[in-house]
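Just below is one structure, and these are the notes that go with it.
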Amino acid sequence: MKIVVDWERCEANGVCVRVAPEAFNLDEKDQLHVLVENVTPELRAKVERAVRDCPRQALSLARD
Ligand code: SF4
């Protein structure tokens, strides 16, 4: 599974970074970065929670 960000919707509020810091990072310019190419089984629950909790519905998961 891959993380897909709708950059039109993301407002860089950092909710996903707090929920899943292994998968998301905000840089000093408040630009969001996705840190993982493929979501591992270990990370899946956290990433799914970030998708659910994103207040802008900017995140989704896509099959490879
Ligand atoms: S939670 Fe959503 S809006 Fe906030 S930084 Fe992450 S993707 Fe962007």
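Ordering of the structure tokens sets the chain letters (A, B, ...), residue numbers begin anew at 1 in every chain, and ligands are numbered from 1 in the order given.
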Chain A near ligand 1 within 8 Å: what's each residue's closest atom pair and its distance in Å to one decimal, counting only C-alpha atoms and all ligand atoms, ordered by chain then ascending residue number, as JSON lines?
```
{"residue": "A:Val5", "atom": "CA", "partner": "ligand 1", "partner_atom_place_in_ligand_line": "7 (S)", "distance": 6.2}
{"residue": "A:Asp6", "atom": "CA", "partner": "ligand 1", "partner_atom_place_in_ligand_line": "7 (S)", "distance": 7.6}
{"residue": "A:Trp7", "atom": "CA", "partner": "ligand 1", "partner_atom_place_in_ligand_line": "8 (Fe)", "distance": 7.8}
{"residue": "A:Arg9", "atom": "CA", "partner": "ligand 1", "partner_atom_place_in_ligand_line": "3 (S)", "distance": 6.6}
{"residue": "A:Cys10", "atom": "CA", "partner": "ligand 1", "partner_atom_place_in_ligand_line": "8 (Fe)", "distance": 3.7}
{"residue": "A:Glu11", "atom": "CA", "partner": "ligand 1", "partner_atom_place_in_ligand_line": "3 (S)", "distance": 4.5}
{"residue": "A:Ala12", "atom": "CA", "partner": "ligand 1", "partner_atom_place_in_ligand_line": "5 (S)", "distance": 3.6}
{"residue": "A:Asn13", "atom": "CA", "partner": "ligand 1", "partner_atom_place_in_ligand_line": "4 (Fe)", "distance": 4.2}
{"residue": "A:Gly14", "atom": "CA", "partner": "ligand 1", "partner_atom_place_in_ligand_line": "5 (S)", "distance": 4.1}
{"residue": "A:Val15", "atom": "CA", "partner": "ligand 1", "partner_atom_place_in_ligand_line": "1 (S)", "distance": 4.1}
{"residue": "A:Cys16", "atom": "CA", "partner": "ligand 1", "partner_atom_place_in_ligand_line": "1 (S)", "distance": 4.1}
{"residue": "A:Val17", "atom": "CA", "partner": "ligand 1", "partner_atom_place_in_ligand_line": "6 (Fe)", "distance": 6.4}
{"residue": "A:Phe24", "atom": "CA", "partner": "ligand 1", "partner_atom_place_in_ligand_line": "6 (Fe)", "distance": 7.5}
{"residue": "A:Leu26", "atom": "CA", "partner": "ligand 1", "partner_atom_place_in_ligand_line": "5 (S)", "distance": 7.5}
{"residue": "A:Leu32", "atom": "CA", "partner": "ligand 1", "partner_atom_place_in_ligand_line": "5 (S)", "distance": 6.0}
{"residue": "A:Ala50", "atom": "CA", "partner": "ligand 1", "partner_atom_place_in_ligand_line": "1 (S)", "distance": 6.6}
{"residue": "A:Val51", "atom": "CA", "partner": "ligand 1", "partner_atom_place_in_ligand_line": "2 (Fe)", "distance": 7.5}
{"residue": "A:Asp53", "atom": "CA", "partner": "ligand 1", "partner_atom_place_in_ligand_line": "1 (S)", "distance": 6.7}
{"residue": "A:Cys54", "atom": "CA", "partner": "ligand 1", "partner_atom_place_in_ligand_line": "1 (S)", "distance": 3.8}
{"residue": "A:Pro55", "atom": "CA", "partner": "ligand 1", "partner_atom_place_in_ligand_line": "2 (Fe)", "distance": 5.9}
{"residue": "A:Arg56", "atom": "CA", "partner": "ligand 1", "partner_atom_place_in_ligand_line": "3 (S)", "distance": 5.0}
{"residue": "A:Gln57", "atom": "CA", "partner": "ligand 1", "partner_atom_place_in_ligand_line": "2 (Fe)", "distance": 6.3}
{"residue": "A:Ala58", "atom": "CA", "partner": "ligand 1", "partner_atom_place_in_ligand_line": "7 (S)", "distance": 5.0}
{"residue": "A:Leu59", "atom": "CA", "partner": "ligand 1", "partner_atom_place_in_ligand_line": "7 (S)", "distance": 5.4}
```
DSSP on the backbone: what in range 2-61 of chain A comes out alpha helix (DSSP H), as a ChimeraX atom specification? /A:15-19,41-53
Those residues with N, CA, C and O atoms, as a compact mmCIF listing (two decimals), in the first residue's frame please?
```
# COMPACT_ATOMS: atom_id res chain seq x y z
N VAL A 15 -1.37 16.85 12.00
CA VAL A 15 -2.10 15.78 12.70
C VAL A 15 -1.51 14.42 12.34
O VAL A 15 -1.24 13.59 13.22
N CYS A 16 -1.27 14.18 11.08
CA CYS A 16 -0.73 12.88 10.65
C CYS A 16 0.67 12.64 11.22
O CYS A 16 1.03 11.51 11.52
N VAL A 17 1.44 13.71 11.36
CA VAL A 17 2.79 13.58 11.92
C VAL A 17 2.72 13.12 13.37
O VAL A 17 3.50 12.28 13.81
N ARG A 18 1.75 13.65 14.12
CA ARG A 18 1.60 13.25 15.51
C ARG A 18 1.11 11.80 15.62
O ARG A 18 1.56 11.05 16.49
N VAL A 19 0.23 11.41 14.72
CA VAL A 19 -0.33 10.05 14.78
C VAL A 19 0.69 9.01 14.30
O VAL A 19 0.81 7.93 14.89
N PRO A 41 3.24 -3.81 7.18
CA PRO A 41 2.17 -4.28 8.06
C PRO A 41 2.26 -3.67 9.45
O PRO A 41 1.24 -3.38 10.08
N GLU A 42 3.48 -3.44 9.94
CA GLU A 42 3.66 -2.88 11.28
C GLU A 42 3.13 -1.44 11.36
O GLU A 42 2.68 -0.99 12.40
N LEU A 43 3.23 -0.75 10.25
CA LEU A 43 2.82 0.67 10.24
C LEU A 43 1.37 0.87 9.84
O LEU A 43 0.83 1.96 10.00
N ARG A 44 0.77 -0.17 9.34
CA ARG A 44 -0.54 -0.04 8.71
C ARG A 44 -1.59 0.60 9.61
O ARG A 44 -2.30 1.52 9.20
N ALA A 45 -1.68 0.15 10.86
CA ALA A 45 -2.73 0.66 11.76
C ALA A 45 -2.53 2.15 12.02
O ALA A 45 -3.49 2.93 12.01
N LYS A 46 -1.28 2.56 12.24
CA LYS A 46 -1.02 3.97 12.50
C LYS A 46 -1.35 4.83 11.28
O LYS A 46 -1.91 5.92 11.40
N VAL A 47 -0.96 4.34 10.10
CA VAL A 47 -1.22 5.11 8.89
C VAL A 47 -2.73 5.19 8.62
O VAL A 47 -3.25 6.24 8.24
N GLU A 48 -3.42 4.10 8.87
CA GLU A 48 -4.88 4.13 8.69
C GLU A 48 -5.52 5.13 9.64
O GLU A 48 -6.48 5.82 9.30
N ARG A 49 -4.98 5.20 10.85
CA ARG A 49 -5.52 6.18 11.80
C ARG A 49 -5.24 7.61 11.31
O ARG A 49 -6.08 8.50 11.42
N ALA A 50 -4.04 7.84 10.76
CA ALA A 50 -3.72 9.16 10.22
C ALA A 50 -4.68 9.52 9.08
O ALA A 50 -5.14 10.67 8.99
N VAL A 51 -4.97 8.56 8.24
CA VAL A 51 -5.92 8.80 7.14
C VAL A 51 -7.28 9.20 7.72
O VAL A 51 -7.91 10.17 7.27
N ARG A 52 -7.72 8.47 8.75
CA ARG A 52 -9.02 8.78 9.37
C ARG A 52 -9.01 10.13 10.06
O ARG A 52 -9.99 10.87 10.03
N ASP A 53 -7.90 10.45 10.74
CA ASP A 53 -7.87 11.65 11.58
C ASP A 53 -7.54 12.92 10.83
O ASP A 53 -7.70 14.01 11.37
```
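Restricting the calculation to only C-alpha atoms, the smallest distance between Lys2 in chain A and any of A:Glu22, A:Asn38, A:Lys29, A:Ser60 is found for A:Asn38.
For the atom pair formed by CA of Arg63 in chain A and CA of Asp30 in chain A, the distance is 27.5 Å, given to one decimal.
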Among chain A, which residues does DSSP mark as strand (DSSP E or B) when it is run on the backbone? Keep the chain and numbering as in the structure and answer as a PyMOL selection string. chain A and resi 2-5+24-26+32-34+59-62
Written file, previous selection with C-alpha atoms, as a PDB file, in the first residue's frame:
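To be explicit, this is the file written out as result09.pdb:
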```
ATOM      1  CA  LYS A   2       1.120   3.506  -0.771  1.00  0.00           C
ATOM      2  CA  ILE A   3       0.192   6.753   0.941  1.00  0.00           C
ATOM      3  CA  VAL A   4      -1.463   9.277  -1.354  1.00  0.00           C
ATOM      4  CA  VAL A   5      -1.614  12.943  -0.366  1.00  0.00           C
ATOM      5  CA  PHE A  24       5.034  11.637   7.946  1.00  0.00           C
ATOM      6  CA  ASN A  25       7.237  14.624   8.614  1.00  0.00           C
ATOM      7  CA  LEU A  26       6.825  18.383   8.433  1.00  0.00           C
ATOM      8  CA  LEU A  32       4.623  17.683   4.541  1.00  0.00           C
ATOM      9  CA  HIS A  33       6.802  14.748   3.482  1.00  0.00           C
ATOM     10  CA  VAL A  34       5.820  11.105   3.210  1.00  0.00           C
ATOM     11  CA  LEU A  59      -4.817  11.289   2.890  1.00  0.00           C
ATOM     12  CA  SER A  60      -5.702   7.971   1.338  1.00  0.00           C
ATOM     13  CA  LEU A  61      -4.139   4.576   0.792  1.00  0.00           C
ATOM     14  CA  ALA A  62      -3.680   3.070  -2.647  1.00  0.00           C
TER      15      ALA A  62
END
```
